[in-house]
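A.B. asks: Before I ask anything, let me first share the structure, which is written out below as structure tokens.
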Amino acid sequence: MNNAVVDLQNISVLVPLMSREILNDINYRIYSNDFIVVLGSNGSGKSTLINLINQKILPTNGRINYSLSTRKKQYLDIMTLTQKVEESIFPNMSVLENYLLWNYKFNLLGKISSRKLTVNRLKLYLQKINSPLQEKLDTNISCLSGGERQALLLIMCVLLKPKLLLLDEHTSALDPKMAEIVISDTAKYVGKEKIPCMMTTHNIEHALNFGNRLLVLKNGKIVLDLADQEKQKLTKKDLISLYY
Amino acid sequence: MSYKKLVHSCVFIISCLGAIYVNALSNTKVKQRTVGIIVPIEHQALTDIVNGFKQTLKQYDDSINIIVKNALGEINIQRSIIEQFKHQNIDLMVPVSLGTTQMAANLNSRIPIISLASKYDQNQQIPKNVAGVSDEIGAKKKIELLKAIYPQIKKFSLIYSGSEKILPEVEDAVVEANDRGIKVQKMMIKELRDLYSVSRMISDDSELIFILKDNLVASGVQTLVREAKKRKIPLMTSDECTIIGGGSFALGVKEQQIGIQGAKLAIKLFAGANIQELPFEQMEELTIFYNEVTCRKQELDVSRLKTIANNMQYSILSVTQSYQRG
Amino acid sequence: MNIFYLALEQTIVFLPLVMGIYLSYKILQTTDLTVDGTFVLGAALYARSLSMGVEPLVAVLIALAGGFLGGVMVSLIQFKDKVNSLIASILALFILYSVNFQVMGRANISLQDNRTLIYLFGDQIILFMCLISIGLVVVILSSQLGLKLRGFGANKSLMQKITSNIEKFRMLGLGFSNMLAAFCGVLTAEVNGYADINMGFGMALTGIGSVVIGLDLIRRVYRSRKIFNVGSDILGCFLGGLTYFLSLNTLLRIGIEPINLKLVLGVILVMLLRGVGSSPLNKIGVNRE
């Protein structure tokens, strides 16, 4: 295995005042080929883990080493999708405009040619995966359904090739059928583009079927950390016994 | 839902058009003199001016149709009013204040204009179709009155704000006072809250406090009233309101008088004078306002004030807190 | 003069300001009342420059620069949303009042004896100037910068994540918005023949009213799902202004008591604003397919 993308060392997170530990002495490494599924019930510390990695919160103890960027706050290096789609879209703008804004390239006036190029890349990609979204590029994004929006965001994330993709229960606001589609798309795109990814869920089926690593959290501690081979041997029964 | 709205808006537009039509019809029937007064904003002083004008003109000819429109401070409305008057082809426009006059003169060079309470700069040419009445008195007359009432006065304190409208008059006042051997302590305030500290710095040998027609200072006149009382010196101001507020005496104009004088110009116009021959006048009738209560306390002899007023051909008016305008 | 022609003429003079407010209110989605002040600032700078013998076109540029700086000042007051946008603009208005007085040197400057734009180029210069301002807005909004300004308005916190510095968008957006207000001030001073310290009163509210009415009208006509189109939005601004002036002139002509004018206009505005709520596109997702 190659170098760790993110290296978590002795991480603890304490809630001030309550002196309850949300995360307790976590040591974990994310490598460049990983599609990690993090399983845990409510309050197990899944989201805290995600927020630690994308630097939304700071650990009380321990340190995190990144090997992805020298610049500290580089949003496009670590991208996060949550169940709150609204946080990640520009409402009342078209799908294409959303994409262009996400593709922010730091030049104010922007060359038309580069804009065309960027647009073409999206069109080609949508064609390749035969997404229904290719018909809706000029639609107001607020008129898309939740599932469509989440699928779109996923595609944009993939196209932008972040160094690390964090998915925090990104399907839990969707209906089961849509959730199934989005999550299998996730696995497909992430695998194809080789983007390191960490996905949290409390759905045991998803945890079993997707990803090449599994991490189970309980009361802020790692109770299970399995890699490829061992993960495939795992059965639902084993998992349930751990989960509860 | 939106269909209903469409119907509503159609009805609205049609009724508007209908009303215009009816209005246009009625316009053609009536053949009487019409005077349009344009007031820039709602204000008691402006209302007094307009009342003076209306009353005088009605006395002259009751059949004159006088329309008063208030622009409520908005330049767009003001323009629409003027255009409206132009459209109605009225016989005379009467804008109150300088800005209104400028707009009326700029938008229309045909209908005669009699401007009230405005003053064109000396180096500015007054448009051909404009005559009017200026409400400024000038520092000279005020200082003359001051000297007449207090022939022995050596020094007074002049308090004024930084507004550019006031500064030329301040300079005039100082020159006029120095010519008569009176020293002036000039004190400028930037904001209202400076007034208190400035009032404490009035020098001890100052024999009178003097303020001009200065909105900022006038709004804090109570501070000066108290200071004048403490030092037992009179407070001379330049308008009626500050005397009601407790000042000693003032040389000013009755706002109504501006309107009356303007109406006299209008009467000349209707009697056949050409607007180009009519002047831009200074106020003829000046008034000394005094506050009896304050004057008595300061041992200022009101009868002497009356004699002086008589000699200088000013009218004189006693105003107190209970005095009602009108 | 024909009532429609009159309203048209007033709208042409007023349009830059409506577009300026459109930039702040619709694109950046902040409420900026500063235009009341920068409108006067533009007129003041223009009139003062002219009276000092500056060439009219140069004077226009000075006024535009002044307006832009006014906008930058508001954005600095708002900086990082430390001050509520409404409060910030009221503060800026406060400051601008003094600035305007200092610029003008007195409460009122007449332009009638100066070499003005109309004097040099004739009446059609106003229409030409208005077209220039439209061109400017089109260029800004169809560029990449325009997209980013809209992104700033639509989701500020996301924009903050994507680019580290969003304050420059606030600065540019409010700068352009107030520059257009100053431009309108120049045109107004030009047409009316003078600049006055109090001429800005009520401009922002009238402008916001025009924007809301106009865009609503446009959205009823074009019910396309593609939301943003520079051309139709500017047409909307124009129609909004025209509606305002048409109703203003009509009401005056009908002979509504002037003192009741604002009441009637206000009620009409409220009716239209309430009407906006029931406009189908404003309910997000209702016409989803």
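In the structure tokens, chains take letters A, B, ... by order of appearance, with residues numbered from 1 within each chain and ligands from 1 in the order shown.
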Given a cut-off of 9 Å, which residues of chain C touch chain B, counting only C-alpha atoms, written out as a count of residues only?
C.D. replies: 48
A.B. asks: Which polymer residues have any atom within 9 Å of an atom of range 165-175 of chain A, counting only C-alpha atoms, with same-chain residues fewer than 3 positions away left out, as a PyMOL selection string?
C.D. replies: chain A and resi 46-47+50+53-54+77-85+146-147+150+157-158+161-162+178-180+182-183+190+195-202
A.B. asks: For range 120-131 of chain A, find every residue with an atom within 9 Å (counting only C-alpha atoms), except residues of its own chain fewer than 4 positions away, and show them as a PyMOL selection string.
C.D. replies: chain A and resi 96+99+115-116+135+137+155-156+159
A.B. asks: Take the residues from that selection and write them out as a CSV table (one decimal), in the first residue's frame, keeping all heavy atoms.
C.D. replies:
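Below is the file again_15.csv, written as the result:
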```
chain,number,residue,atom,x,y,z
A,96,LEU,N,-26.2,23.9,-15.1
A,96,LEU,CA,-25.0,24.3,-15.7
A,96,LEU,C,-24.2,25.4,-14.9
A,96,LEU,O,-23.0,25.3,-14.7
A,96,LEU,CB,-25.2,24.7,-17.1
A,96,LEU,CG,-24.1,24.6,-18.1
A,96,LEU,CD1,-23.6,23.2,-18.2
A,96,LEU,CD2,-24.5,25.2,-19.4
A,99,TYR,N,-22.7,24.0,-11.9
A,99,TYR,CA,-21.4,23.3,-12.2
A,99,TYR,C,-20.3,24.3,-12.5
A,99,TYR,O,-19.2,24.1,-12.0
A,99,TYR,CB,-21.7,22.4,-13.4
A,99,TYR,CG,-20.5,21.8,-14.0
A,99,TYR,CD1,-19.8,20.8,-13.2
A,99,TYR,CD2,-19.9,22.2,-15.2
A,99,TYR,CE1,-18.7,20.2,-13.7
A,99,TYR,CE2,-18.8,21.6,-15.7
A,99,TYR,CZ,-18.2,20.6,-14.9
A,99,TYR,OH,-17.0,20.0,-15.4
A,115,ARG,N,-14.4,28.1,-20.5
A,115,ARG,CA,-15.7,27.8,-20.0
A,115,ARG,C,-16.4,26.7,-20.9
A,115,ARG,O,-17.0,25.8,-20.4
A,115,ARG,CB,-16.5,29.1,-20.1
A,115,ARG,CG,-17.9,29.0,-19.6
A,115,ARG,CD,-18.5,30.4,-19.6
A,115,ARG,NE,-20.0,30.3,-19.3
A,115,ARG,CZ,-20.7,31.3,-18.9
A,115,ARG,NH1,-20.1,32.4,-18.5
A,115,ARG,NH2,-22.0,31.1,-18.7
A,116,LYS,N,-16.1,26.9,-22.2
A,116,LYS,CA,-16.7,25.9,-23.1
A,116,LYS,C,-16.2,24.5,-22.9
A,116,LYS,O,-16.9,23.5,-22.8
A,116,LYS,CB,-16.4,26.3,-24.6
A,116,LYS,CG,-17.6,26.7,-25.4
A,116,LYS,CD,-17.2,27.0,-26.8
A,116,LYS,CE,-18.3,27.8,-27.5
A,116,LYS,NZ,-17.9,28.6,-28.6
A,135,GLU,N,-30.5,16.0,-20.1
A,135,GLU,CA,-31.5,16.8,-20.6
A,135,GLU,C,-31.8,18.1,-19.8
A,135,GLU,O,-32.6,18.9,-20.2
A,135,GLU,CB,-32.8,16.0,-20.7
A,135,GLU,CG,-32.7,14.7,-21.4
A,135,GLU,CD,-32.4,14.9,-22.9
A,135,GLU,OE1,-33.0,15.9,-23.4
A,135,GLU,OE2,-31.6,14.2,-23.5
A,137,LEU,N,-29.7,20.3,-18.2
A,137,LEU,CA,-28.6,21.3,-17.9
A,137,LEU,C,-29.1,22.7,-17.7
A,137,LEU,O,-28.6,23.4,-16.9
A,137,LEU,CB,-27.6,21.2,-19.0
A,137,LEU,CG,-26.7,20.0,-19.0
A,137,LEU,CD1,-25.7,20.1,-20.1
A,137,LEU,CD2,-26.0,19.9,-17.7
A,155,ILE,N,-21.9,13.7,-9.2
A,155,ILE,CA,-21.2,13.7,-10.5
A,155,ILE,C,-20.3,14.9,-10.5
A,155,ILE,O,-19.1,14.8,-11.0
A,155,ILE,CB,-22.3,13.9,-11.7
A,155,ILE,CG1,-23.1,12.6,-11.8
A,155,ILE,CG2,-21.6,14.2,-13.0
A,155,ILE,CD1,-24.3,12.7,-12.7
A,156,MET,N,-20.7,16.0,-10.0
A,156,MET,CA,-19.8,17.2,-10.0
A,156,MET,C,-18.6,16.9,-9.1
A,156,MET,O,-17.5,17.2,-9.5
A,156,MET,CB,-20.5,18.4,-9.4
A,156,MET,CG,-21.7,18.8,-10.3
A,156,MET,SD,-22.1,20.6,-10.2
A,156,MET,CE,-22.6,20.7,-8.5
A,159,LEU,N,-16.3,14.7,-11.1
A,159,LEU,CA,-15.6,15.5,-12.2
A,159,LEU,C,-14.5,16.4,-11.7
A,159,LEU,O,-13.5,16.7,-12.4
A,159,LEU,CB,-16.7,16.3,-13.0
A,159,LEU,CG,-17.3,15.5,-14.1
A,159,LEU,CD1,-18.5,16.4,-14.7
A,159,LEU,CD2,-16.4,15.2,-15.2
```
A.B. asks: Taking the backbone alone, and naming residues the way the document does, which bits of range 5-168 of chain A are strand (DSSP E or B) by DSSP, as a PyMOL selection string?
C.D. replies: chain A and resi 5-15+20-31+35-39+61-66+78-82+94+140+164-168
A.B. asks: Rounded to one decimal in Å, what is the spacing between CA of Val267 in chain C and CA of Tyr244 in chain C?
C.D. replies: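 Answer for the CA of Val267 in chain C to CA of Tyr244 in chain C separation: 12.4 Å.
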A.B. asks: Considering only C-alpha atoms, state which residue in the set C:Val103, C:Ile77, C:Ile27, C:Leu8 is at the smallest distance from Asn155 in chain C.
C.D. replies: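 Between C:Val103, C:Ile77, C:Ile27, C:Leu8, the residue approaching Asn155 in chain C most closely is C:Ile27.
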A.B. asks: Go ahead and compute the interatomic distance for CA of Gly181 in chain B and CA of Ile209 in chain B, in Å to one decimal.
C.D. replies: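 Interatomic distance here is 16.7 Å.
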